[in-house]
Every structure is written in C-alpha cells, then in structure tokens.
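As stored in target-v3.tsv (TSV, C-alpha atoms):
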chain	number	residue	atom	x	y	z
G	1439	MET	CA	14.29	-31.13	11.44
G	1440	SER	CA	11.39	-31.24	13.86
G	1441	SER	CA	7.89	-31.32	12.35
G	1442	THR	CA	6.57	-29.14	15.19
G	1443	LEU	CA	7.37	-25.43	14.99
G	1444	LYS	CA	7.66	-23.13	17.98
G	1445	PHE	CA	8.17	-19.40	17.74
G	1446	ASN	CA	10.36	-17.59	20.23
G	1447	ASN	CA	7.57	-16.49	22.53
G	1448	SER	CA	9.34	-16.99	25.84
G	1449	THR	CA	8.61	-13.32	26.37
G	1450	LYS	CA	5.55	-11.88	24.69
G	1451	SER	CA	6.19	-9.67	21.68
G	1452	LEU	CA	6.15	-6.08	22.94
G	1453	PHE	CA	5.86	-4.93	19.33
G	1454	LEU	CA	2.66	-6.91	18.78
G	1455	ALA	CA	1.20	-5.91	22.14
G	1456	THR	CA	1.88	-2.23	21.43
G	1457	THR	CA	0.50	-2.42	17.90
G	1458	ARG	CA	-2.65	-4.21	19.05
G	1459	SER	CA	-3.19	-1.68	21.82
G	1460	ARG	CA	-2.90	1.23	19.41
G	1461	VAL	CA	-5.16	-0.38	16.81
G	1462	ASN	CA	-7.75	-1.13	19.50
G	1463	GLN	CA	-7.53	2.49	20.61
G	1464	TYR	CA	-8.05	3.66	17.02
G	1465	PHE	CA	-11.31	1.73	16.69
G	1466	LYS	CA	-12.47	2.84	20.10
G	1467	GLU	CA	-11.76	6.53	19.56
G	1468	SER	CA	-13.17	6.57	16.02
G	1469	ASN	CA	-16.21	4.54	17.14
G	1470	ARG	CA	-15.83	2.27	14.13
G	1471	SER	CA	-16.54	-1.41	13.74
G	1472	ARG	CA	-13.68	-3.74	12.79
G	1473	HIS	CA	-15.96	-5.27	10.19
G	1474	ALA	CA	-17.58	-4.16	6.94
G	1475	ASN	CA	-18.83	-0.60	6.64
G	1476	ALA	CA	-20.94	1.10	3.95
G	1477	SER	CA	-17.96	1.34	1.59
G	1478	MET	CA	-17.30	-2.38	1.97
G	1479	TRP	CA	-20.90	-3.29	1.22
G	1480	THR	CA	-20.84	-0.98	-1.81
G	1481	LYS	CA	-17.77	-2.80	-3.13
G	1482	THR	CA	-19.46	-6.11	-2.48
G	1483	ILE	CA	-22.53	-5.14	-4.49
G	1484	ILE	CA	-20.39	-3.83	-7.37
G	1485	PHE	CA	-18.28	-6.98	-7.62
G	1486	LEU	CA	-21.23	-9.33	-7.26
G	1487	ALA	CA	-23.17	-7.38	-9.89
G	1488	GLY	CA	-20.18	-7.59	-12.23
G	1489	PHE	CA	-19.71	-11.30	-11.58
G	1490	PHE	CA	-23.34	-12.40	-11.97
G	1491	GLY	CA	-24.07	-9.82	-14.66
G	1492	LEU	CA	-21.22	-10.93	-16.92
G	1493	TYR	CA	-22.08	-14.59	-16.43
G	1494	LEU	CA	-25.75	-14.05	-17.33
G	1495	LEU	CA	-24.88	-11.91	-20.33
G	1496	ILE	CA	-22.54	-14.58	-21.65
G	1497	ILE	CA	-25.00	-17.45	-21.33
G	1498	SER	CA	-27.84	-15.31	-22.74
G	1499	ASN	CA	-26.59	-16.36	-26.20
G	1500	TYR	CA	-27.31	-12.83	-27.41
G	1501	PHE	CA	-23.76	-11.86	-28.32
G	1502	THR	CA	-21.27	-12.99	-30.95
G	1503	VAL	CA	-18.16	-14.96	-30.00
G	1504	TRP	CA	-16.04	-11.83	-30.57
G	1505	ILE	CA	-17.97	-10.02	-27.85
G	1506	MET	CA	-18.26	-13.02	-25.53
G	1507	LEU	CA	-14.49	-13.58	-25.52
G	1508	PRO	CA	-13.58	-10.22	-23.89
G	1509	MET	CA	-16.57	-10.68	-21.61
G	1510	ALA	CA	-15.19	-14.08	-20.52
G	1511	ILE	CA	-11.77	-12.50	-19.85
G	1512	THR	CA	-13.40	-9.76	-17.79
G	1513	LEU	CA	-15.45	-12.37	-15.93
G	1514	GLY	CA	-12.21	-14.15	-15.05
G	1515	MET	CA	-10.88	-10.96	-13.51
G	1516	PHE	CA	-14.14	-10.43	-11.61
G	1517	ASN	CA	-13.86	-14.00	-10.30
G	1518	ALA	CA	-10.53	-13.00	-8.76
G	1519	PHE	CA	-11.94	-9.71	-7.42
G	1520	VAL	CA	-14.86	-11.53	-5.74
G	1521	GLY	CA	-12.32	-13.87	-4.15
G	1522	PHE	CA	-10.08	-11.01	-3.03
G	1523	ASN	CA	-12.71	-8.61	-1.75
G	1524	ILE	CA	-15.53	-10.79	-0.43
G	1525	CYS	CA	-14.59	-14.43	0.07
G	1526	HIS	CA	-11.15	-13.81	1.57
G	1527	ASP	CA	-12.58	-11.64	4.36
G	1528	ALA	CA	-15.58	-13.92	4.85
G	1529	ILE	CA	-13.43	-17.05	5.27
G	1530	HIS	CA	-11.33	-15.16	7.82
G	1531	ASP	CA	-14.57	-14.19	9.66
G	1532	SER	CA	-13.55	-10.56	9.25
G	1533	PHE	CA	-16.26	-9.42	6.84
G	1534	SER	CA	-19.01	-9.40	9.46
G	1535	SER	CA	-19.40	-9.89	13.19
G	1536	ASN	CA	-22.21	-12.28	12.25
G	1537	LYS	CA	-20.76	-15.72	11.54
G	1538	SER	CA	-23.77	-16.66	9.42
G	1539	VAL	CA	-23.10	-13.73	7.07
G	1540	ASN	CA	-19.46	-14.82	6.76
G	1541	LYS	CA	-20.55	-18.39	6.09
G	1542	ILE	CA	-22.97	-17.36	3.35
G	1543	LEU	CA	-20.46	-15.09	1.64
G	1544	SER	CA	-17.73	-17.72	1.85
G	1545	ILE	CA	-19.93	-20.04	-0.22
G	1546	LEU	CA	-19.30	-17.70	-3.15
G	1547	PHE	CA	-15.77	-19.12	-3.25
G	1548	HIS	CA	-17.22	-22.31	-4.74
G	1549	PHE	CA	-18.54	-20.26	-7.68
G	1550	VAL	CA	-15.09	-18.92	-8.53
G	1551	GLY	CA	-13.84	-22.51	-8.61
G	1552	ALA	CA	-12.30	-23.07	-5.17
G	1553	SER	CA	-13.25	-24.74	-1.91
G	1554	PRO	CA	-13.58	-22.33	1.05
G	1555	TYR	CA	-13.02	-25.24	3.44
G	1556	VAL	CA	-9.72	-26.27	1.85
G	1557	TRP	CA	-8.66	-22.63	1.60
G	1558	GLY	CA	-9.42	-22.20	5.29
G	1559	ILE	CA	-6.87	-24.89	6.07
G	1560	THR	CA	-4.15	-24.02	3.56
G	1561	HIS	CA	-4.39	-20.26	4.02
G	1562	ASN	CA	-5.85	-19.46	7.44
G	1563	LEU	CA	-4.26	-22.26	9.47
G	1564	VAL	CA	-1.04	-23.06	7.62
G	1565	HIS	CA	0.07	-20.03	5.61
G	1566	HIS	CA	-0.82	-17.45	8.26
G	1567	ASN	CA	0.90	-19.36	11.05
G	1568	PHE	CA	4.00	-20.52	9.16
G	1569	THR	CA	4.48	-17.80	6.56
G	1570	ASN	CA	7.39	-18.38	4.12
G	1571	ILE	CA	8.81	-21.30	6.11
G	1572	PRO	CA	10.01	-23.91	3.59
G	1573	GLY	CA	8.47	-27.31	4.20
G	1574	HIS	CA	5.60	-25.82	6.20
G	1575	ASP	CA	4.02	-23.05	4.12
G	1576	GLU	CA	2.73	-24.78	0.99
G	1577	ASP	CA	1.61	-21.44	-0.46
G	1578	ILE	CA	5.25	-20.75	-1.44
G	1579	GLU	CA	5.50	-24.10	-3.23
G	1580	ILE	CA	4.31	-22.54	-6.46
G	1581	ALA	CA	5.42	-25.25	-8.88
G	1582	PRO	CA	7.98	-27.54	-7.23
G	1583	GLY	CA	10.86	-28.29	-9.55
G	1584	LEU	CA	9.92	-25.44	-11.90
G	1585	ILE	CA	9.89	-22.34	-9.70
G	1586	ARG	CA	12.70	-21.74	-7.21
G	1587	ILE	CA	12.37	-18.84	-4.75
G	1588	ALA	CA	14.54	-19.88	-1.80
G	1589	ASP	CA	17.95	-21.45	-1.22
G	1590	GLU	CA	16.29	-24.58	0.18
G	1591	ASP	CA	14.24	-25.24	-2.97
G	1592	PRO	CA	15.42	-28.13	-5.18
G	1593	VAL	CA	17.57	-27.11	-8.13
G	1594	ASN	CA	16.63	-27.80	-11.74
G	1595	ARG	CA	18.52	-26.44	-14.75
G	1596	ILE	CA	15.32	-25.28	-16.39
G	1597	GLN	CA	14.94	-22.77	-13.55
G	1598	ARG	CA	17.55	-20.60	-15.29
G	1599	PHE	CA	14.63	-19.45	-17.45
G	1600	GLN	CA	12.04	-19.15	-14.69
G	1601	HIS	CA	11.92	-15.36	-14.88
G	1602	TRP	CA	10.44	-15.85	-18.37
G	1603	TYR	CA	8.05	-18.75	-17.87
G	1604	ALA	CA	6.89	-18.02	-14.31
G	1605	PHE	CA	4.25	-15.50	-15.33
G	1606	PRO	CA	2.57	-17.73	-17.94
G	1607	LEU	CA	2.70	-20.48	-15.33
G	1608	TYR	CA	0.88	-18.27	-12.81
G	1609	SER	CA	-1.94	-17.89	-15.33
G	1610	LEU	CA	-2.68	-21.61	-14.96
G	1611	ALA	CA	-3.29	-21.27	-11.21
G	1612	SER	CA	-7.06	-21.00	-11.53
G	1613	LEU	CA	-7.36	-24.02	-13.84
G	1614	SER	CA	-5.25	-25.99	-11.39
G	1615	TRP	CA	-7.53	-24.93	-8.54
G	1616	VAL	CA	-10.67	-26.00	-10.37
G	1617	PHE	CA	-9.47	-29.41	-11.57
G	1618	ARG	CA	-6.59	-30.45	-9.31
G	1619	LYS	CA	-5.46	-28.41	-6.32
G	1620	ASP	CA	-8.54	-28.70	-4.08
G	1621	TYR	CA	-8.71	-32.46	-4.56
G	1622	LYS	CA	-4.99	-32.89	-3.96
G	1623	LYS	CA	-4.97	-30.79	-0.79
G	1624	PHE	CA	-8.17	-32.35	0.54
G	1625	PHE	CA	-6.87	-35.90	0.28
G	1626	GLN	CA	-3.35	-35.20	1.57
G	1627	THR	CA	-2.74	-36.69	4.99
G	1628	LYS	CA	-1.05	-33.41	5.90
G	1629	ILE	CA	-0.99	-29.85	4.59
G	1630	GLY	CA	2.36	-28.54	5.67
G	1631	HIS	CA	2.50	-30.29	9.03
G	1632	HIS	CA	-1.21	-29.86	9.74
G	1633	GLU	CA	-2.97	-33.24	9.83
G	1634	THR	CA	-6.12	-33.24	7.71
G	1635	LYS	CA	-9.11	-34.97	9.29
G	1636	HIS	CA	-12.26	-33.74	7.59
G	1637	PRO	CA	-15.88	-33.80	8.78
G	1638	LYS	CA	-18.01	-36.06	6.60
G	1639	ILE	CA	-20.07	-33.13	5.35
G	1640	GLU	CA	-16.96	-31.66	3.75
G	1641	TYR	CA	-16.58	-34.70	1.49
G	1642	PHE	CA	-20.08	-34.01	0.21
G	1643	ASN	CA	-19.43	-30.26	-0.11
G	1644	LEU	CA	-16.24	-30.78	-2.10
G	1645	PHE	CA	-17.82	-33.00	-4.75
G	1646	PHE	CA	-21.24	-31.32	-4.80
G	1647	PHE	CA	-19.94	-27.80	-5.34
G	1648	LYS	CA	-17.29	-28.93	-7.82
G	1649	ALA	CA	-20.05	-30.66	-9.81
G	1650	LEU	CA	-22.20	-27.52	-9.58
G	1651	TYR	CA	-19.29	-25.41	-10.84
G	1652	TYR	CA	-18.67	-27.79	-13.75
G	1653	PHE	CA	-22.37	-27.62	-14.64
G	1654	LEU	CA	-22.59	-23.81	-14.49
G	1655	PHE	CA	-19.32	-23.06	-16.28
G	1656	ILE	CA	-18.97	-26.04	-18.64
G	1657	ALA	CA	-22.17	-28.03	-19.22
G	1658	LEU	CA	-24.69	-25.17	-19.24
G	1659	PRO	CA	-22.73	-22.92	-21.63
G	1660	LEU	CA	-22.27	-25.86	-24.01
G	1661	LEU	CA	-26.01	-26.54	-23.86
G	1662	VAL	CA	-27.31	-23.00	-24.37
G	1663	LEU	CA	-24.66	-21.19	-26.43
G	1664	ASP	CA	-24.66	-21.31	-30.18
G	1665	ILE	CA	-20.91	-21.94	-30.42
G	1666	SER	CA	-18.67	-24.88	-31.29
G	1667	TRP	CA	-16.89	-26.92	-28.62
G	1668	TRP	CA	-13.49	-25.47	-29.55
G	1669	GLN	CA	-14.81	-21.91	-29.28
G	1670	PHE	CA	-16.10	-22.76	-25.82
G	1671	ILE	CA	-12.70	-24.16	-24.81
G	1672	ILE	CA	-10.97	-20.98	-25.96
G	1673	GLY	CA	-13.38	-18.85	-23.91
G	1674	PHE	CA	-13.17	-21.09	-20.85
G	1675	ILE	CA	-9.37	-21.12	-20.88
G	1676	ALA	CA	-9.22	-17.37	-21.54
G	1677	MET	CA	-11.44	-16.76	-18.51
G	1678	HIS	CA	-9.21	-18.88	-16.29
G	1679	ILE	CA	-5.97	-17.40	-17.63
G	1680	ALA	CA	-7.27	-13.95	-16.70
G	1681	GLN	CA	-8.38	-15.20	-13.28
G	1682	GLY	CA	-5.19	-17.17	-12.63
G	1683	LEU	CA	-2.81	-14.39	-13.67
G	1684	THR	CA	-4.68	-11.83	-11.55
G	1685	MET	CA	-4.59	-14.15	-8.53
G	1686	GLY	CA	-1.04	-15.38	-9.04
G	1687	LEU	CA	0.56	-11.97	-9.38
G	1688	VAL	CA	-1.19	-10.50	-6.34
G	1689	PHE	CA	-0.27	-13.41	-4.05
G	1690	GLN	CA	3.38	-13.56	-5.16
G	1691	LEU	CA	3.97	-9.83	-4.71
G	1692	ALA	CA	3.11	-10.11	-1.02
G	1693	HIS	CA	5.69	-12.72	-0.01
G	1694	VAL	CA	8.17	-13.32	-2.83
G	1695	VAL	CA	9.89	-9.98	-3.34
G	1696	GLU	CA	13.27	-8.61	-2.39
G	1697	GLY	CA	13.66	-8.12	1.35
G	1698	THR	CA	11.32	-10.89	2.45
G	1699	ASP	CA	12.86	-13.80	4.34
G	1700	PHE	CA	12.38	-17.56	4.11
G	1701	PRO	CA	13.61	-18.53	7.59
G	1702	LEU	CA	14.15	-22.08	8.77
G	1703	PRO	CA	13.68	-23.50	12.29
G	1704	ASP	CA	16.56	-25.16	14.08
G	1705	ASP	CA	16.77	-28.95	14.44
G	1706	SER	CA	14.43	-28.78	17.44
G	1707	GLY	CA	11.78	-26.87	15.49
G	1708	ASN	CA	12.43	-23.53	17.16
G	1709	MET	CA	12.11	-20.30	15.19
G	1710	GLU	CA	14.52	-17.50	16.04
G	1711	GLU	CA	11.91	-14.77	16.40
G	1712	ALA	CA	8.48	-14.23	17.88
G	1713	TRP	CA	5.51	-14.80	15.57
G	1714	ALA	CA	4.75	-11.11	14.92
G	1715	GLU	CA	8.36	-10.23	14.09
G	1716	HIS	CA	8.43	-13.25	11.79
G	1717	GLN	CA	5.37	-11.92	9.94
G	1718	MET	CA	7.06	-8.55	9.47
G	1719	ARG	CA	10.13	-10.15	7.89
G	1720	THR	CA	8.26	-12.48	5.57
G	1721	THR	CA	5.49	-10.20	4.31
G	1722	ALA	CA	5.47	-7.14	2.06
G	1723	ASN	CA	3.00	-4.46	1.03
G	1724	PHE	CA	2.71	-2.86	-2.38
G	1725	ALA	CA	0.83	0.17	-3.73
G	1726	ALA	CA	-0.46	0.87	-0.22
G	1727	ASN	CA	-1.44	4.43	-1.12
G	1728	SER	CA	-3.24	3.51	-4.32
G	1729	SER	CA	-7.02	3.86	-4.18
G	1730	VAL	CA	-7.30	1.66	-7.28
G	1731	ALA	CA	-5.33	-1.16	-5.64
G	1732	ALA	CA	-7.32	-0.75	-2.42
G	1733	PHE	CA	-10.59	-1.06	-4.33
G	1734	PHE	CA	-9.77	-4.04	-6.52
G	1735	LEU	CA	-7.35	-6.13	-4.43
G	1736	GLY	CA	-9.29	-6.55	-1.21
G	1737	GLY	CA	-6.43	-5.47	1.03
G	1738	LEU	CA	-4.07	-8.10	-0.40
G	1739	ASN	CA	-1.72	-5.28	-1.33
G	1740	MET	CA	-1.47	-4.59	2.43
G	1741	GLN	CA	-0.55	-8.07	3.61
G	1742	ILE	CA	1.44	-6.83	6.59
G	1743	GLU	CA	-1.72	-5.50	8.21
G	1744	HIS	CA	-3.65	-8.55	7.08
G	1745	HIS	CA	-1.20	-10.98	8.65
G	1746	LEU	CA	-1.11	-9.11	11.95
G	1747	PHE	CA	-4.88	-8.50	12.03
G	1748	PRO	CA	-6.64	-11.16	9.91
G	1749	LYS	CA	-9.89	-10.67	11.85
G	1750	ILE	CA	-10.17	-7.01	10.79
G	1751	CYS	CA	-11.97	-6.26	7.52
G	1752	HIS	CA	-9.56	-5.11	4.81
G	1753	ILE	CA	-11.52	-1.87	4.31
G	1754	HIS	CA	-9.69	-0.53	7.40
G	1755	TYR	CA	-6.14	-1.53	6.42
G	1756	ARG	CA	-5.06	1.85	5.03
G	1757	ASN	CA	-5.91	3.54	8.32
G	1758	ILE	CA	-4.35	0.96	10.63
G	1759	GLY	CA	-1.37	0.70	8.28
G	1760	LYS	CA	-0.16	4.08	9.51
G	1761	ILE	CA	-0.17	2.70	13.06
G	1762	VAL	CA	1.69	-0.48	12.12
G	1763	ARG	CA	4.33	1.40	10.11
G	1764	GLN	CA	4.98	3.87	12.92
G	1765	THR	CA	5.17	1.17	15.60
G	1766	ALA	CA	7.52	-0.96	13.50
G	1767	ALA	CA	9.86	2.01	13.13
G	1768	GLU	CA	9.84	2.58	16.89
G	1769	PHE	CA	10.83	-1.06	17.50
G	1770	ASN	CA	13.38	-1.10	14.67
G	1771	ILE	CA	11.44	-3.83	12.88
G	1772	PRO	CA	11.38	-3.83	9.06
G	1773	TYR	CA	8.24	-2.71	7.27
G	1774	ILE	CA	8.77	-4.06	3.77
G	1775	GLU	CA	6.90	-2.32	0.98
G	1776	ASN	CA	7.04	-1.46	-2.69
G	1777	HIS	CA	5.35	1.84	-3.36
G	1778	THR	CA	3.83	0.78	-6.69
G	1779	PHE	CA	2.47	-2.38	-8.29
G	1780	THR	CA	5.07	-2.19	-11.05
G	1781	GLY	CA	7.82	-1.74	-8.47
G	1782	ALA	CA	6.69	-4.92	-6.71
G	1783	LEU	CA	6.45	-6.71	-10.05
G	1784	ARG	CA	10.03	-5.76	-10.92
G	1785	SER	CA	11.19	-6.88	-7.48
G	1786	HIS	CA	9.52	-10.27	-7.92
G	1787	TYR	CA	11.08	-10.60	-11.39
G	1788	ARG	CA	14.53	-9.92	-9.93
G	1789	MET	CA	13.91	-12.58	-7.26
G	1790	LEU	CA	13.00	-15.12	-9.91
G	1791	LYS	CA	16.06	-14.22	-11.96
G	1792	LYS	CA	18.40	-14.38	-8.96
G	1793	PHE	CA	17.30	-17.84	-7.84
G	1794	GLY	CA	17.18	-19.02	-11.43
G	1795	VAL	CA	20.77	-17.97	-12.09
G	1796	ASP	CA	21.87	-19.69	-8.86
G	1797	ALA	CA	20.29	-22.96	-10.01

Please express what this file holds, its structure, as structure tokens.
Amino acid sequence: MSSTLKFNNSTKSLFLATTRSRVNQYFKESNRSRHANASMWTKTIIFLAGFFGLYLLIISNYFTVWIMLPMAITLGMFNAFVGFNICHDAIHDSFSSNKSVNKILSILFHFVGASPYVWGITHNLVHHNFTNIPGHDEDIEIAPGLIRIADEDPVNRIQRFQHWYAFPLYSLASLSWVFRKDYKKFFQTKIGHHETKHPKIEYFNLFFFKALYYFLFIALPLLVLDISWWQFIIGFIAMHIAQGLTMGLVFQLAHVVEGTDFPLPDDSGNMEEAWAEHQMRTTANFAANSSVAAFFLGGLNMQIEHHLFPKICHIHYRNIGKIVRQTAAEFNIPYIENHTFTGALRSHYRMLKKFGVDA
C-alpha cells in the first residue's frame, strides 16, 4: 500500500462547492462573523471560571477530603469542557480572527494536560485530512490490540469482551495524555504518514509546560493540602478518570458508530471518493438539537460541520448544520447522525460488540 494518499479530486466536489457557497451566503446575509460571538465569549468565561475556581478552591486547603473529592471529579469534567469549547477552536484558529488570541487561548491546553502543538499535528493535520483511514488516522487507534473497530484491526481473543472493558479504558485517556501520549507522538518519526520535524522551541515547550503541569497538579497540592499521599492519589486519579471518560466518549461517538466507514486506499494510495464525500461517510453527529450538548461539548457533537468547516467557530454549527444536511440530501450523500447522546452511545456499544464477536 502506498504511504501517500490521494483523494479522487480529478473533478472538484460539487457537493463541497455548493455547501461552501451556501454557508458563505448565510454569513453574508446574516452579517455575522465566522468567529466567536457574545454567546461564545460567555461560554468561555463560564468554563474558565469553573476551571480556575475549582482548582483554587481545592488547593485552598479549606475543605475536607470528602468535599474535595467531588470537586476534583468536577474539575476533571471542566478540564474536558475547556478543551472542547475553548482550546479546540483556538488550535483550529476558528475562535478568533486574531491569531494572537487563538495562540493565547490554545496555551490553556497545557493546563488540562495536553500539548497544543502535538494536538495540532495529530488532530488538525492528520485526523482531519485522513479521517477513519486505518494506518493513517491514529485517532482511531484507541488501544491497539485491545480495541478493535474495523476489519483491518489486528485480532486478539480478549477483544470478545471489549464492549465491557472499552469504557473503563477510555477513562484512562487523560492520564495517558499527561504522562505518555504527548511524549510518544512528539518523538515518533511519523504520525500517520506525516513526518515530524519540530522547531527547537517546541522541545522546550513540551518539557516546560509538562513540568509546570506536574507542579500545579501534583507538587503544589502535596505541599499545601493537609492530606496523605494516598488521598492525593485517589483525588488525582478521580479527576483524570472524569476527564478521560468525558473526552473519550465524545470523541468515539463522532467516528466509531454504526454507519461510519473505515475506507482503505488502493495499492497506489488512491481513495475512491473526493475528500468532502469521504468526510461525510466517516463522520457522525449526535444530539445536534440538544442545547445542553451544544453548550458543553464545543460543537464536537456536530463533527460533520466541524470537519467540513474547521475554521468556523463551533457556536455557529447548529445554524450551518441545516444547510449541510439539506445539501447532502440534494446530492444523495449520507448525513449520519444519532438524535440523542444515549442513542450514539448504544450505537458505539453495538460496534464494539460486533467487532469483538468477529475477533
């Protein structure tokens, strides 16, 4: 199989051109910016206040361990919400038209335990371009050998039980990010088939911000809190389980549900469809009409719109989603969606069970 992928763009995608034209017309006629509006800034203030407020309350040493534990769990969820709602858009340069604002907000990603630079490669460059393509999109390599979600994945007998252990495994995602994943991805020679050659400043950033995170979330709490080391470990792990499970479930429900494809290129590296059509067949929405999901998940429940328009702030996805859905129907292109979060969760569970049974 060729390491270079080429989508079938011999003729430009009329579907994408039509959708873009209609979305552009929507912003022009409504006289709205593609970037953050007042509602987006309000969300940003709420999530940042929750994040910093919970952290400061915990390290104030004013509360008992029985109060700090639920606060740590809630902080873990707010870590995920800050990543979803603020950092994700900022790293895509969709939060603001001002690149400096995006850069500053993307730095927050360090404080939830992850490198915005590494994420920019793995997510923006690799995942968005090669969505759900085995061997190229490392985002679908959840736990190689343990989780199987496509026919091409290696088979292991333990996978017969993956529909039971997958969800606890997802809860470890944040801990892996903090202590392993960023380092591993950074020092790989390739991510997918993207060669990694980093600017020297990024070596400094990786280790400096990791050290800062370890100080703020490990060393400082141990220094100032009147708790034992094992109580701290319980709280730290509880925070990351909450963060990891929140992150893991949201990301899996967008690409690993019934109806999504995991297409392979031919031996020459050619994909059968154009890029936009490929995105429509490999991406799914869930709970698109839910105001609660829209508020907390930063548009990640509307991944179809995000993959087609990653430079548009997620606050606009519900409006442009109507345009994308209508245009897809006109071109007879699938628009994959689960109407509720629980519906998407059940669909993901059935996917896990199906590929586990086949193992």

Find, counting all atoms listed in the file, the residue in G:Ile1771, G:Ala1474, G:Leu1654, G:Ala1552 that gets nearest to His1716 of chain G. G:Ile1771

Separation of atom CA of Pro1554 of chain G and atom CA of Ile1671 of chain G, in Å?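 A separation of 25.9 Å between them.
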
Skip segment 1511-1522 of chain G itself and residues of its chain fewer than 4 positions away, then list as JSON, numbers by chain all residues within 8 Å of it, counting only C-alpha atoms. {"G": [1482, 1485, 1486, 1488, 1489, 1492, 1493, 1507, 1526, 1527, 1547, 1550, 1673, 1676, 1677, 1678, 1679, 1680, 1681, 1682, 1684, 1685, 1734, 1735, 1736, 1737, 1738]}

If we count all atoms listed in the file and set the cut-off at 12 Å, which residues sit around Ile1483 of chain G, ignoring sequence neighbours fewer than 4 positions away in its own chain? Please answer as an NGL selection string. :G and (1476-1479 or 1487-1491 or 1519-1520 or 1523-1524 or 1543)

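Separating atom CA of Ser1728 of chain G from atom CA of His1473 of chain G is a distance of 21.2 Å.
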
In Å, with one decimal, what is the gap from atom CA of Ser1451 of chain G to atom CA of Ala1712 of chain G?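 Pair atom CA of Ser1451 of chain G / atom CA of Ala1712 of chain G returns 6.4 Å.
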
Using only C-alpha atoms: which of G:Phe1617, G:Cys1525, G:His1636, G:Pro1572 has the shortest distance to Asp1589 of chain G: G:Pro1572

Skip Thr1456 of chain G itself and residues of its chain fewer than 6 positions away, then list as a count of residues only all residues within 10 Å of it, counting only C-alpha atoms. 6

Near Ile1774 of chain G, counting only C-alpha atoms, which residues have an atom at most 8 Å away, once you skip same-chain residues fewer than 5 positions from it, shown as a PyMOL selection string? chain G and resi 1697-1698+1718-1719+1721-1723

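Close to (-16.4, -13.9, 8.6), meaning no more than 8 Å away when counting only C-alpha atoms, sit the residues G:Asp1527, G:Ala1528, G:Ile1529, G:His1530, G:Asp1531, G:Ser1532, G:Phe1533, G:Ser1534, G:Ser1535, G:Asn1536, G:Lys1537, G:Ser1538, G:Val1539, G:Asn1540, G:Lys1541, G:Ser1544, G:Lys1749.
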
With all atoms listed in the file as the basis for distance, which of G:Leu1658, G:Met1709, G:Leu1454, G:Ile1542 is at the shortest distance from Ile1497 of chain G?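 Distance minimum relative to Ile1497 of chain G lands on G:Leu1658.
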